[in-house]
Structure formats: structure tokens, C-alpha cells
$ cat start_22.txt   # compact mmCIF, C-alpha atoms and all ligand atoms
# COMPACT_ATOMS: atom_id res chain seq x y z
CA MET A 20 151.50 87.82 -29.39
CA SER A 21 148.97 85.92 -27.28
CA ASP A 22 146.26 87.78 -25.35
CA LEU A 23 147.56 89.56 -22.28
CA PRO A 24 145.58 89.67 -19.02
CA ARG A 25 143.41 92.82 -18.85
CA THR A 26 144.33 93.56 -15.28
CA VAL A 27 147.37 92.71 -13.18
CA LYS A 28 147.75 92.53 -9.41
CA VAL A 29 150.90 94.30 -8.27
CA LYS A 30 152.26 93.56 -4.81
CA GLU A 31 154.63 96.17 -3.41
CA VAL A 32 157.50 94.46 -1.58
CA GLY A 33 159.83 97.44 -1.05
CA PRO A 34 159.08 97.84 2.66
CA ARG A 35 160.31 94.26 3.20
CA ASP A 36 162.54 93.01 0.37
CA GLY A 37 163.86 96.47 -0.38
CA LEU A 38 164.51 97.78 3.08
CA GLN A 39 166.17 94.57 4.29
CA ALA A 40 168.98 95.23 1.82
CA GLU A 41 169.66 98.74 3.10
CA ALA A 42 172.73 99.24 5.26
CA ALA A 43 170.99 101.88 7.36
CA THR A 44 167.79 101.20 9.27
CA LEU A 45 164.90 103.45 8.39
CA PRO A 46 163.07 104.53 11.57
CA THR A 47 159.67 102.83 12.00
CA GLU A 48 157.82 106.12 11.43
CA ASP A 49 159.54 106.55 8.05
CA LYS A 50 158.58 103.00 7.06
CA LEU A 51 154.99 103.84 8.00
CA ARG A 52 155.11 107.03 5.91
CA LEU A 53 156.32 105.05 2.92
CA ILE A 54 153.65 102.37 3.37
CA GLY A 55 150.96 105.06 3.68
CA CYS A 56 152.19 106.76 0.51
CA LEU A 57 152.13 103.45 -1.40
CA ALA A 58 148.59 102.65 -0.23
CA ASP A 59 147.45 106.15 -1.25
CA ALA A 60 148.97 105.54 -4.71
CA GLY A 61 146.51 102.67 -5.14
CA LEU A 62 148.62 99.63 -4.30
CA LYS A 63 146.23 97.08 -2.83
CA GLU A 64 148.84 94.58 -1.66
CA ILE A 65 151.78 95.69 0.43
CA GLU A 66 154.35 93.35 1.95
CA ALA A 67 154.95 95.39 5.06
CA THR A 68 157.74 93.43 6.77
CA SER A 69 159.00 89.98 7.77
CA PHE A 70 158.90 88.13 11.07
CA VAL A 71 162.36 86.60 11.12
CA SER A 72 165.18 86.44 13.63
CA PRO A 73 166.17 90.03 14.51
CA LYS A 74 169.75 88.78 14.51
CA ALA A 75 169.38 87.66 10.88
CA ILE A 76 167.72 90.88 9.61
CA PRO A 77 168.20 93.67 12.18
CA VAL A 78 166.56 96.34 9.97
CA LEU A 79 163.20 94.54 10.19
CA ALA A 80 163.35 93.91 13.94
CA ASP A 81 160.51 96.43 14.37
CA ALA A 82 158.00 94.20 12.51
CA ALA A 83 155.42 94.20 15.32
CA GLU A 84 155.72 98.00 15.69
CA VAL A 85 155.17 98.44 11.95
CA PHE A 86 151.90 96.51 12.13
CA ALA A 87 150.86 98.29 15.32
CA GLY A 88 151.49 101.68 13.71
CA LEU A 89 149.73 101.07 10.36
CA ASP A 90 147.16 103.64 9.36
CA ARG A 91 145.17 101.05 7.42
CA ARG A 92 143.56 102.13 4.17
CA PRO A 93 140.37 100.23 3.26
CA GLY A 94 140.82 97.40 0.78
CA VAL A 95 144.58 97.12 1.25
CA THR A 96 146.15 93.80 2.28
CA TYR A 97 149.17 94.29 4.52
CA SER A 98 151.15 91.05 4.42
CA ALA A 99 154.26 89.61 6.03
CA ILE A 100 156.67 86.81 5.24
CA VAL A 101 157.83 84.19 7.76
CA PRO A 102 160.36 81.33 7.67
CA ASN A 103 159.07 79.25 10.58
CA GLU A 104 156.40 78.63 13.20
CA LYS A 105 157.75 81.30 15.52
CA GLY A 106 157.49 83.88 12.75
CA ALA A 107 153.94 82.76 11.98
CA ARG A 108 152.85 83.18 15.60
CA ARG A 109 154.40 86.64 15.74
CA ALA A 110 152.76 87.66 12.45
CA VAL A 111 149.30 86.45 13.54
CA GLU A 112 149.70 88.24 16.87
CA ALA A 113 150.74 91.45 15.07
CA GLY A 114 147.65 91.39 12.83
CA ALA A 115 149.07 90.54 9.38
CA ASP A 116 146.30 90.27 6.74
CA GLU A 117 148.12 87.57 4.78
CA ILE A 118 151.11 85.42 5.70
CA GLN A 119 153.62 84.05 3.23
CA VAL A 120 155.96 81.25 4.20
CA PHE A 121 159.30 81.39 2.40
CA LEU A 122 161.81 78.75 1.43
CA ALA A 123 164.18 78.10 -1.46
CA ALA A 124 164.06 75.44 -4.15
CA THR A 125 167.76 74.71 -3.59
CA GLU A 126 169.68 73.40 -0.56
CA GLY A 127 172.58 75.85 -0.87
CA TYR A 128 170.46 78.97 -0.87
CA ASN A 129 168.01 77.68 1.73
CA ARG A 130 170.82 76.86 4.15
CA SER A 131 172.49 80.23 3.76
CA ASN A 132 169.17 82.07 4.12
CA VAL A 133 167.34 80.18 6.87
CA ARG A 134 169.89 77.64 8.13
CA MET A 135 167.64 74.71 7.30
CA SER A 136 167.52 72.00 4.65
CA VAL A 137 164.67 72.30 2.17
CA GLU A 138 163.01 69.34 3.91
CA GLU A 139 163.27 71.09 7.30
CA SER A 140 161.77 74.23 5.76
CA LEU A 141 158.87 72.15 4.43
CA GLU A 142 158.30 70.82 7.97
CA GLN A 143 158.27 74.39 9.26
CA ALA A 144 155.90 75.35 6.45
CA ALA A 145 153.44 72.68 7.60
CA ARG A 146 153.55 74.16 11.12
CA VAL A 147 153.14 77.65 9.73
CA ALA A 148 150.08 76.37 7.83
CA GLU A 149 148.49 75.11 11.06
CA VAL A 150 149.02 78.45 12.78
CA VAL A 151 147.93 80.64 9.86
CA LEU A 152 144.99 78.58 8.61
CA GLY A 153 143.95 78.02 12.23
CA ALA A 154 143.74 81.81 12.59
CA GLU A 155 141.77 81.97 9.30
CA ILE A 156 144.32 84.22 7.65
CA PRO A 157 145.15 83.83 3.93
CA PHE A 158 148.20 81.60 3.56
CA VAL A 159 150.59 81.77 0.59
CA ALA A 160 154.15 80.65 -0.17
CA VAL A 161 157.21 81.85 -1.99
CA LEU A 162 159.74 79.47 -3.43
CA SER A 163 162.94 81.39 -4.04
CA THR A 164 165.73 80.42 -6.46
CA ALA A 165 163.01 78.86 -8.65
CA PHE A 166 164.78 79.95 -11.84
CA GLY A 167 168.39 79.47 -10.76
CA CYS A 168 170.58 79.49 -7.66
CA PRO A 169 173.72 81.55 -7.07
CA TYR A 170 175.30 78.51 -5.37
CA GLU A 171 173.96 75.62 -7.44
CA GLY A 172 173.27 77.13 -10.87
CA ALA A 173 170.38 75.75 -12.91
CA VAL A 174 167.36 74.37 -11.07
CA ALA A 175 165.33 71.52 -12.57
CA PRO A 176 161.77 72.65 -13.38
CA GLU A 177 160.49 69.25 -12.22
CA ARG A 178 162.00 69.85 -8.77
CA VAL A 179 160.29 73.25 -8.57
CA LEU A 180 156.93 71.76 -9.58
CA GLU A 181 157.30 68.92 -7.09
CA LEU A 182 157.95 71.41 -4.27
CA CYS A 183 154.87 73.37 -5.35
CA GLY A 184 152.84 70.19 -4.98
CA ARG A 185 154.11 69.77 -1.41
CA LEU A 186 153.21 73.39 -0.59
CA ILE A 187 149.77 73.13 -2.17
CA GLY A 188 149.29 69.91 -0.20
CA ILE A 189 149.62 71.82 3.09
CA GLY A 190 147.09 74.43 1.99
CA VAL A 191 148.86 77.35 0.31
CA GLU A 192 146.42 79.45 -1.71
CA GLU A 193 148.97 81.06 -4.05
CA VAL A 194 152.54 80.20 -5.01
CA THR A 195 155.21 82.78 -5.84
CA PHE A 196 158.33 81.87 -7.78
CA GLY A 197 161.17 84.05 -6.57
CA ASP A 198 163.95 84.94 -8.96
CA THR A 199 166.09 85.91 -6.03
CA THR A 200 169.25 86.80 -7.89
CA GLY A 201 167.97 87.76 -11.31
CA MET A 202 168.87 84.55 -13.16
CA ALA A 203 165.52 84.04 -14.91
CA TYR A 204 165.29 84.66 -18.66
CA PRO A 205 162.11 85.15 -20.68
CA THR A 206 161.78 81.80 -22.51
CA GLN A 207 162.44 79.95 -19.26
CA VAL A 208 159.83 82.06 -17.45
CA GLY A 209 157.25 81.33 -20.14
CA GLU A 210 157.92 77.58 -20.02
CA LEU A 211 157.91 77.22 -16.24
CA SER A 212 154.81 79.41 -15.87
CA ARG A 213 152.91 77.33 -18.45
CA ALA A 214 154.04 74.07 -16.86
CA TYR A 215 152.88 75.31 -13.45
CA GLY A 216 149.51 76.43 -14.85
CA GLU A 217 148.94 73.04 -16.46
CA ARG A 218 149.86 71.14 -13.30
CA TYR A 219 148.14 73.39 -10.75
CA PRO A 220 145.39 75.31 -12.55
CA ASP A 221 143.50 76.12 -9.33
CA VAL A 222 146.33 77.77 -7.39
CA PRO A 223 147.39 81.15 -8.81
CA LEU A 224 151.03 81.79 -9.63
CA ARG A 225 152.80 85.04 -8.79
CA LEU A 226 156.28 86.01 -9.95
CA HIS A 227 158.95 87.93 -8.08
CA PHE A 228 161.77 89.19 -10.26
CA HIS A 229 164.99 90.92 -9.33
CA ASN A 230 166.54 93.07 -11.99
CA THR A 231 170.09 91.90 -11.36
CA ARG A 232 170.88 91.23 -15.00
CA GLY A 233 168.44 93.65 -16.60
CA MET A 234 165.94 90.94 -17.58
CA GLY A 235 163.16 91.84 -15.13
CA LEU A 236 160.60 93.50 -17.40
CA ALA A 237 161.31 91.13 -20.30
CA ASN A 238 160.50 88.31 -17.87
CA VAL A 239 157.24 90.02 -16.95
CA LEU A 240 156.20 90.18 -20.60
CA ALA A 241 157.00 86.48 -21.08
CA ALA A 242 154.96 85.66 -17.97
CA LEU A 243 152.00 87.80 -19.10
CA GLU A 244 151.97 85.90 -22.39
CA ALA A 245 151.86 82.68 -20.38
CA GLY A 246 148.80 83.99 -18.50
CA VAL A 247 150.42 85.12 -15.23
CA ASP A 248 148.64 88.15 -13.78
CA ARG A 249 150.38 88.73 -10.41
CA PHE A 250 153.77 90.28 -9.85
CA ASP A 251 155.90 91.61 -7.00
CA ALA A 252 157.89 94.81 -7.41
CA SER A 253 159.62 97.33 -5.19
CA VAL A 254 159.22 101.09 -5.31
CA GLY A 255 162.20 102.77 -6.95
CA GLY A 256 163.77 99.35 -7.52
CA LEU A 257 165.00 99.33 -3.94
CA GLY A 258 166.34 96.04 -2.71
CA GLY A 259 168.43 92.93 -3.04
CA SER A 260 169.19 90.29 -0.48
CA PRO A 261 172.00 90.38 2.05
CA TYR A 262 172.40 86.61 1.46
CA ALA A 263 172.66 86.70 -2.31
CA PRO A 264 176.06 87.70 -3.72
CA GLY A 265 175.72 90.61 -6.17
CA ALA A 266 171.95 90.85 -5.71
CA THR A 267 170.15 94.01 -6.73
CA GLY A 268 166.65 95.31 -6.29
CA ASN A 269 163.36 94.00 -7.54
CA ILE A 270 161.89 95.36 -10.72
CA PRO A 271 160.89 98.95 -9.87
CA THR A 272 157.13 99.11 -9.21
CA GLU A 273 156.69 102.33 -11.18
CA ASP A 274 158.61 100.91 -14.19
CA LEU A 275 156.37 97.81 -14.10
CA VAL A 276 153.18 99.86 -13.78
CA HIS A 277 154.34 102.20 -16.55
CA MET A 278 154.97 99.31 -18.93
CA LEU A 279 151.63 97.67 -18.10
CA HIS A 280 149.69 100.92 -18.59
CA GLU A 281 151.44 101.58 -21.90
CA MET A 282 150.27 98.12 -23.04
CA GLY A 283 146.70 98.82 -21.91
CA VAL A 284 146.86 96.50 -18.89
CA GLU A 285 145.17 97.93 -15.80
CA THR A 286 146.71 97.94 -12.33
CA GLY A 287 144.55 100.37 -10.34
CA VAL A 288 147.74 102.28 -9.45
CA ASP A 289 148.09 106.06 -9.84
CA LEU A 290 151.48 106.19 -11.54
CA GLU A 291 152.26 109.79 -10.72
CA ALA A 292 151.45 109.24 -7.06
CA LEU A 293 153.64 106.15 -7.10
CA ILE A 294 156.56 108.11 -8.56
CA SER A 295 156.13 110.55 -5.67
CA CYS A 296 156.56 107.61 -3.29
CA ALA A 297 159.82 106.65 -5.01
CA ARG A 298 161.01 110.27 -4.61
CA LEU A 299 159.94 110.29 -0.96
CA LEU A 300 161.92 107.10 -0.43
CA GLU A 301 165.05 108.62 -1.98
CA GLU A 302 164.65 111.50 0.43
CA LEU A 303 164.17 109.23 3.44
CA LEU A 304 167.19 107.09 2.54
CA GLY A 305 169.41 109.91 1.35
CA HIS A 306 170.48 108.15 -1.84
CA GLU A 307 169.40 107.62 -5.42
CA LEU A 308 167.27 104.63 -6.43
CA PRO A 309 167.64 102.63 -9.67
CA GLY A 310 164.08 103.21 -10.98
CA GLN A 311 164.10 104.60 -14.54
CA VAL A 312 160.63 106.05 -15.10
CA MET A 313 161.04 108.21 -11.99
CA LYS A 314 163.96 109.87 -13.81
CA ALA A 315 162.80 109.79 -17.44
CA GLY A 316 159.11 110.59 -16.88
CA ILE A 317 155.89 108.93 -18.02
CA CYS A 318 155.85 108.48 -21.83
CA GLY A 319 152.33 109.81 -22.28
CA HIS A 320 153.12 112.97 -20.30
CA LEU A 321 156.26 114.07 -22.12
CA THR A 322 156.03 117.46 -23.78
CA ALA A 323 159.68 118.42 -24.30
CA GLY A 324 160.97 117.78 -27.83
CA ALA A 325 163.68 115.17 -28.22
CA SER A 326 167.09 116.53 -28.96
N1 LIG B 1 161.29 85.63 14.75
C1 LIG B 1 162.05 86.05 15.80
N2 LIG B 1 162.99 85.32 16.38
C2 LIG B 1 163.19 84.09 15.89
C3 LIG B 1 162.46 83.58 14.82
C4 LIG B 1 161.47 84.40 14.24
N3 LIG B 1 160.74 83.99 13.20
N4 LIG B 1 162.89 82.33 14.57
C5 LIG B 1 163.85 82.06 15.44
N5 LIG B 1 164.05 83.12 16.25
C6 LIG B 1 165.02 83.25 17.35
C7 LIG B 1 164.96 82.10 18.31
O1 LIG B 1 163.97 82.31 19.28
C8 LIG B 1 166.35 82.12 18.88
O2 LIG B 1 166.46 83.20 19.80
P1 LIG B 1 167.49 83.17 21.04
O3 LIG B 1 168.86 83.13 20.44
O4 LIG B 1 167.19 84.47 21.73
O5 LIG B 1 167.11 81.94 21.79
C9 LIG B 1 167.20 82.50 17.67
O6 LIG B 1 166.32 83.20 16.78
C10 LIG B 1 167.78 81.29 16.96
O7 LIG B 1 166.73 80.39 16.67
P2 LIG B 1 166.93 79.12 15.73
O8 LIG B 1 165.62 78.46 15.57
O9 LIG B 1 168.09 78.30 16.24
O10 LIG B 1 167.25 79.79 14.38
P3 LIG B 1 168.61 79.87 13.54
O11 LIG B 1 169.65 80.65 14.27
O12 LIG B 1 168.96 78.55 13.01
O13 LIG B 1 168.07 80.78 12.34
C11 LIG B 1 166.11 81.55 11.15
C12 LIG B 1 166.98 80.35 11.55
C13 LIG B 1 165.17 81.05 10.09
C14 LIG B 1 165.35 82.02 12.37
C15 LIG B 1 167.01 82.71 10.66
O14 LIG B 1 167.99 82.20 9.80
C16 LIG B 1 166.23 83.78 9.95
O15 LIG B 1 165.44 84.47 10.57
N6 LIG B 1 166.44 83.92 8.67
C17 LIG B 1 165.71 84.90 7.86
C18 LIG B 1 166.55 85.38 6.74
C19 LIG B 1 165.76 86.32 5.87
O16 LIG B 1 164.83 86.99 6.30
N7 LIG B 1 166.15 86.40 4.60
C20 LIG B 1 165.51 87.27 3.66
C21 LIG B 1 164.14 86.86 3.26
S1 LIG B 1 164.11 85.91 1.78
ZN ZN B 2 163.34 89.22 -3.45
$ encode --input "start_22.txt" --output "C-alpha cells"
Amino acid sequence: MSDLPRTVKVKEVGPRDGLQAEAATLPTEDKLRLIGCLADAGLKEIEATSFVSPKAIPVLADAAEVFAGLDRRPGVTYSAIVPNEKGARRAVEAGADEIQVFLAATEGYNRSNVRMSVEESLEQAARVAEVVLGAEIPFVAVLSTAFGCPYEGAVAPERVLELCGRLIGIGVEEVTFGDTTGMAYPTQVGELSRAYGERYPDVPLRLHFHNTRGMGLANVLAALEAGVDRFDASVGGLGGSPYAPGATGNIPTEDLVHMLHEMGVETGVDLEALISCARLLEELLGHELPGQVMKAGICGHLTAGAS
């Protein structure tokens, strides 16, 4: 096995990616409680919400209120995602610490998600760049369906890399590959991550896996071996996408952190405190979450004999 990174940056995306998939809308004050709990557990990057059309994602219509109500913990980056210039203006106005423009690598998914062609999304991304960089706020991008599309199937790695070049050309400081519907598999992840690193060594790569087909943590290991040290995850494994047929949640943050800690990779996260956040979220939502470590316990802490 090749050397793994010593530390990994974990971005919590539950308050955005997770909650947008919930049928019921969590009241703003509950979202703020969850975000506070996550920050107290040591997560330094929290995707707090998105600035999209409230008609498209009604459960995140309170994005400005979420930012206004944040009890900010020092050293924590509270970010937001946006699909267009209007979203960027709203996010800057609301006080987002980092703004991520999102688009898909495939026409079919991009149209169903944001009603634009990929080219139109790239035009919007350039406008978002002007707004965000003009406000001197960190600017990053996520390219979803980078490992496969529920409408178009396989996606050519060359196409993904070419789109990255366009995004880097407008000033993005980090690129995320989104595995929106859990189609990525470990050898593919390793290959695409290495190819990205060779082509764009100065712009860090982050990976965003959904656990739709149970390959999430295997994909993380493949990415670590390819040198990737930034991952998204959602507390309790909450999530999915209302636009992706059969989608399920992201890899659960506490399962990711547990695996990393077991392998001696540091995250700065207090795992027990994070598990408490997953339990709090179950309570707030009134249903069980798919996370496994929150049910099975932390390996190093188990005292009961196996039976
Ligand atoms: N925030 C708030 N409102 C927005 C907005 C934004 N970022 N972008 C557009 N709108 C509003 C417009 O002002 C307009 O409002 P009106 O009907 O009151 O005049 C309405 O939305 C339609 O605008 P239009 O530009 O024609 O957008 P559209 O209907 O073609 O939808 C998107 C395009 C991108 C706005 C919409 O599809 C969207 O928000 N998608 C996000 C989906 C998502 O979040 N998916 C999950 C994340 S991966
Ligand atoms: Zn996602």
C-alpha cells in the first residue's frame, strides 16, 4: 500500500446535501443546532446550505436566515453552494465564508438539476467567479456525475479533465468530483484522481461520494492511496438528491472519521461528539439514519465480548 496522507480535511455537507433530500423541512433553529453541534465536534468545514431557487429546493429556502443565525465558532469555514450569478450574489450578501459553484459533467444530469446545458452552466460559473472573487471570498467548484451519470452512464475521464481546465481557468481554487449517484468504483477513483493530480498539481482535488451502492469507503481508500486528502461526508449518512433516481446519502461522516482514525490518519474531529450529532439529528428528524458506527460503536471503545 502506498503512503497515506497523515491528515485529511473532512467537509460536513449534511446541512445542505443531506437536508435537501428530506421530505420534511427542518425548522431553521434545528438546522442551526445541528451546525453548532458539528462545529463543536471539531469539523472545520461545514457546507451550511445552498442559494438556489426556493422553488427547486424548498427545504433550503431559509439559506439567508441560516447564515444570519449562525453562532460562528472560530476557525470554522461555513460554505454554500450556488448554481448561478443570482445565487452567488445572495451567498455573498448572506456572509458565506466560501462559495462553491456546482455543475455536472453530463448534459442529462445538468439539465435535470439546473435546467441549463453544461456550456450555459460554465457561463454562469464565470459570472459567479466575478462576483465571488470580486468580494475576495474563496471560490471552489464541484463537478457532479464525474464518475458516471444516471442518465448517460459512463463519463469519459478526458471530458471531466477538460471541464476542470475550464473551471481552473476562471479561478477556482479547489475542484470537487461529485459521485452524485454512487457509481464510482475504487480503481476508477484511483485512476481519475491520479490523472487529475498530474494535469492540475496546483489545484487541490476533493471527492464527494454517495454510498448508493456501498462503495463509498472503498472509494475513499483508493483516493487516499492516490494522494487525495479532502473528502465530503454527511452526518449519519443523511442525504441523496431529489433529482437523482434511487440516490442515497453521502458516506456517513462518523464512519469516514472512524475509518481514518483506525488507520492512523488525523482529522481533528472528536468522534464521540460527532456520533452525538448523528443521534441529535435522528431525534430532530424523527427517523433512523443509515450511519453504521453510530449503531455499532467505535472499535477502540468496545468492551463487550463478542458472542
Ligand atoms: N436563488 C434564488 N432564486 C433564484 C436563483 C437563485 N440562485 N436562481 C434563479 N432564481 C429564481 C429567479 O429569480 C426566478 O424567480 P421568479 O420566478 O420569481 O422570477 C426563478 O428562480 C426562475 O429563474 P430561472 O433563471 O428561469 O431559473 P430556472 O427556473 O431555469 O431554474 C435554477 C434554474 C438553477 C435556478 C434552478 O434549477 C435551481 O435552483 N436548481 C438547483 C437544484 C439543486 O439545488 N440541486 C441540488 C444541488 S446539486
Ligand atoms: Zn451529493
$ closest_residue --input "start_22.txt" --among "A:Val101, A:Leu293, A:Leu89, A:Ile270" --to "ligand ZN 2 (chain B)" --atoms "all atoms listed in the file"
A:Ile270
$ residues_near_ligand --input "start_22.txt" --ligand "ligand LIG 1 (chain B)" --cutoff "9 Å" --atoms "all atoms listed in the file" --output "mmCIF file with C-alpha atoms, in the frame of the given file"
data_model
loop_
_atom_site.group_PDB
_atom_site.id
_atom_site.type_symbol
_atom_site.label_atom_id
_atom_site.label_comp_id
_atom_site.auth_asym_id
_atom_site.auth_seq_id
_atom_site.Cartn_x
_atom_site.Cartn_y
_atom_site.Cartn_z
ATOM 1 C CA ARG A 35 160.310 94.260 3.200
ATOM 2 C CA ASP A 36 162.540 93.010 0.370
ATOM 3 C CA GLN A 39 166.170 94.570 4.290
ATOM 4 C CA ALA A 40 168.980 95.230 1.820
ATOM 5 C CA SER A 69 159.000 89.980 7.770
ATOM 6 C CA PHE A 70 158.900 88.130 11.070
ATOM 7 C CA VAL A 71 162.360 86.600 11.120
ATOM 8 C CA SER A 72 165.180 86.440 13.630
ATOM 9 C CA PRO A 73 166.170 90.030 14.510
ATOM 10 C CA LYS A 74 169.750 88.780 14.510
ATOM 11 C CA ALA A 75 169.380 87.660 10.880
ATOM 12 C CA ILE A 76 167.720 90.880 9.610
ATOM 13 C CA LEU A 79 163.200 94.540 10.190
ATOM 14 C CA ALA A 80 163.350 93.910 13.940
ATOM 15 C CA ILE A 100 156.670 86.810 5.240
ATOM 16 C CA VAL A 101 157.830 84.190 7.760
ATOM 17 C CA PRO A 102 160.360 81.330 7.670
ATOM 18 C CA ASN A 103 159.070 79.250 10.580
ATOM 19 C CA GLU A 104 156.400 78.630 13.200
ATOM 20 C CA LYS A 105 157.750 81.300 15.520
ATOM 21 C CA GLY A 106 157.490 83.880 12.750
ATOM 22 C CA ALA A 107 153.940 82.760 11.980
ATOM 23 C CA ARG A 108 152.850 83.180 15.600
ATOM 24 C CA ARG A 109 154.400 86.640 15.740
ATOM 25 C CA ALA A 110 152.760 87.660 12.450
ATOM 26 C CA PHE A 121 159.300 81.390 2.400
ATOM 27 C CA LEU A 122 161.810 78.750 1.430
ATOM 28 C CA ALA A 123 164.180 78.100 -1.460
ATOM 29 C CA ARG A 130 170.820 76.860 4.150
ATOM 30 C CA SER A 131 172.490 80.230 3.760
ATOM 31 C CA ASN A 132 169.170 82.070 4.120
ATOM 32 C CA VAL A 133 167.340 80.180 6.870
ATOM 33 C CA ARG A 134 169.890 77.640 8.130
ATOM 34 C CA MET A 135 167.640 74.710 7.300
ATOM 35 C CA SER A 140 161.770 74.230 5.760
ATOM 36 C CA VAL A 161 157.210 81.850 -1.990
ATOM 37 C CA SER A 163 162.940 81.390 -4.040
ATOM 38 C CA THR A 199 166.090 85.910 -6.030
ATOM 39 C CA SER A 260 169.190 90.290 -0.480
ATOM 40 C CA PRO A 261 172.000 90.380 2.050
ATOM 41 C CA TYR A 262 172.400 86.610 1.460
#
$ closest_residue --input "start_22.txt" --among "A:Val284, A:Leu51, A:Leu299, A:Ala242" --to "Pro34 of chain A" --atoms "all atoms listed in the file"
A:Leu51
$ residues_near_ligand --input "start_22.txt" --ligand "ligand ZN 2 (chain B)" --cutoff "9 Å" --atoms "all atoms listed in the file" --output "PyMOL selection string"
chain A and resi 32+35-37+163+197-200+227-229+251-252+258-260+267-269
$ closest_residue --input "start_22.txt" --among "A:Glu84, A:Glu181, A:Asp90, A:Glu273" --to "Gly256 of chain A" --atoms "only C-alpha atoms"
A:Glu273
$ closest_residue --input "start_22.txt" --among "A:Val27, A:Ile189, A:Ile54, A:Leu141" --to "Met278 of chain A" --atoms "all atoms listed in the file"
A:Val27
$ closest_residue --input "start_22.txt" --among "A:Thr125, A:Thr26, A:Thr272, A:Asn238" --to "Gly167 of chain A" --atoms "only C-alpha atoms"
A:Thr125
$ residues_around --input "start_22.txt" --residues "Glu155 of chain A" --least-positions-apart "4" --cutoff "10 Å" --atoms "all atoms listed in the file" --output "PyMOL selection string"
chain A and resi 111+116-117+149-151
$ closest_residue --input "start_22.txt" --among "A:Ala154, A:Val137, A:Val159, A:Ile294" --to "Ser98 of chain A" --atoms "all atoms listed in the file"
A:Val159
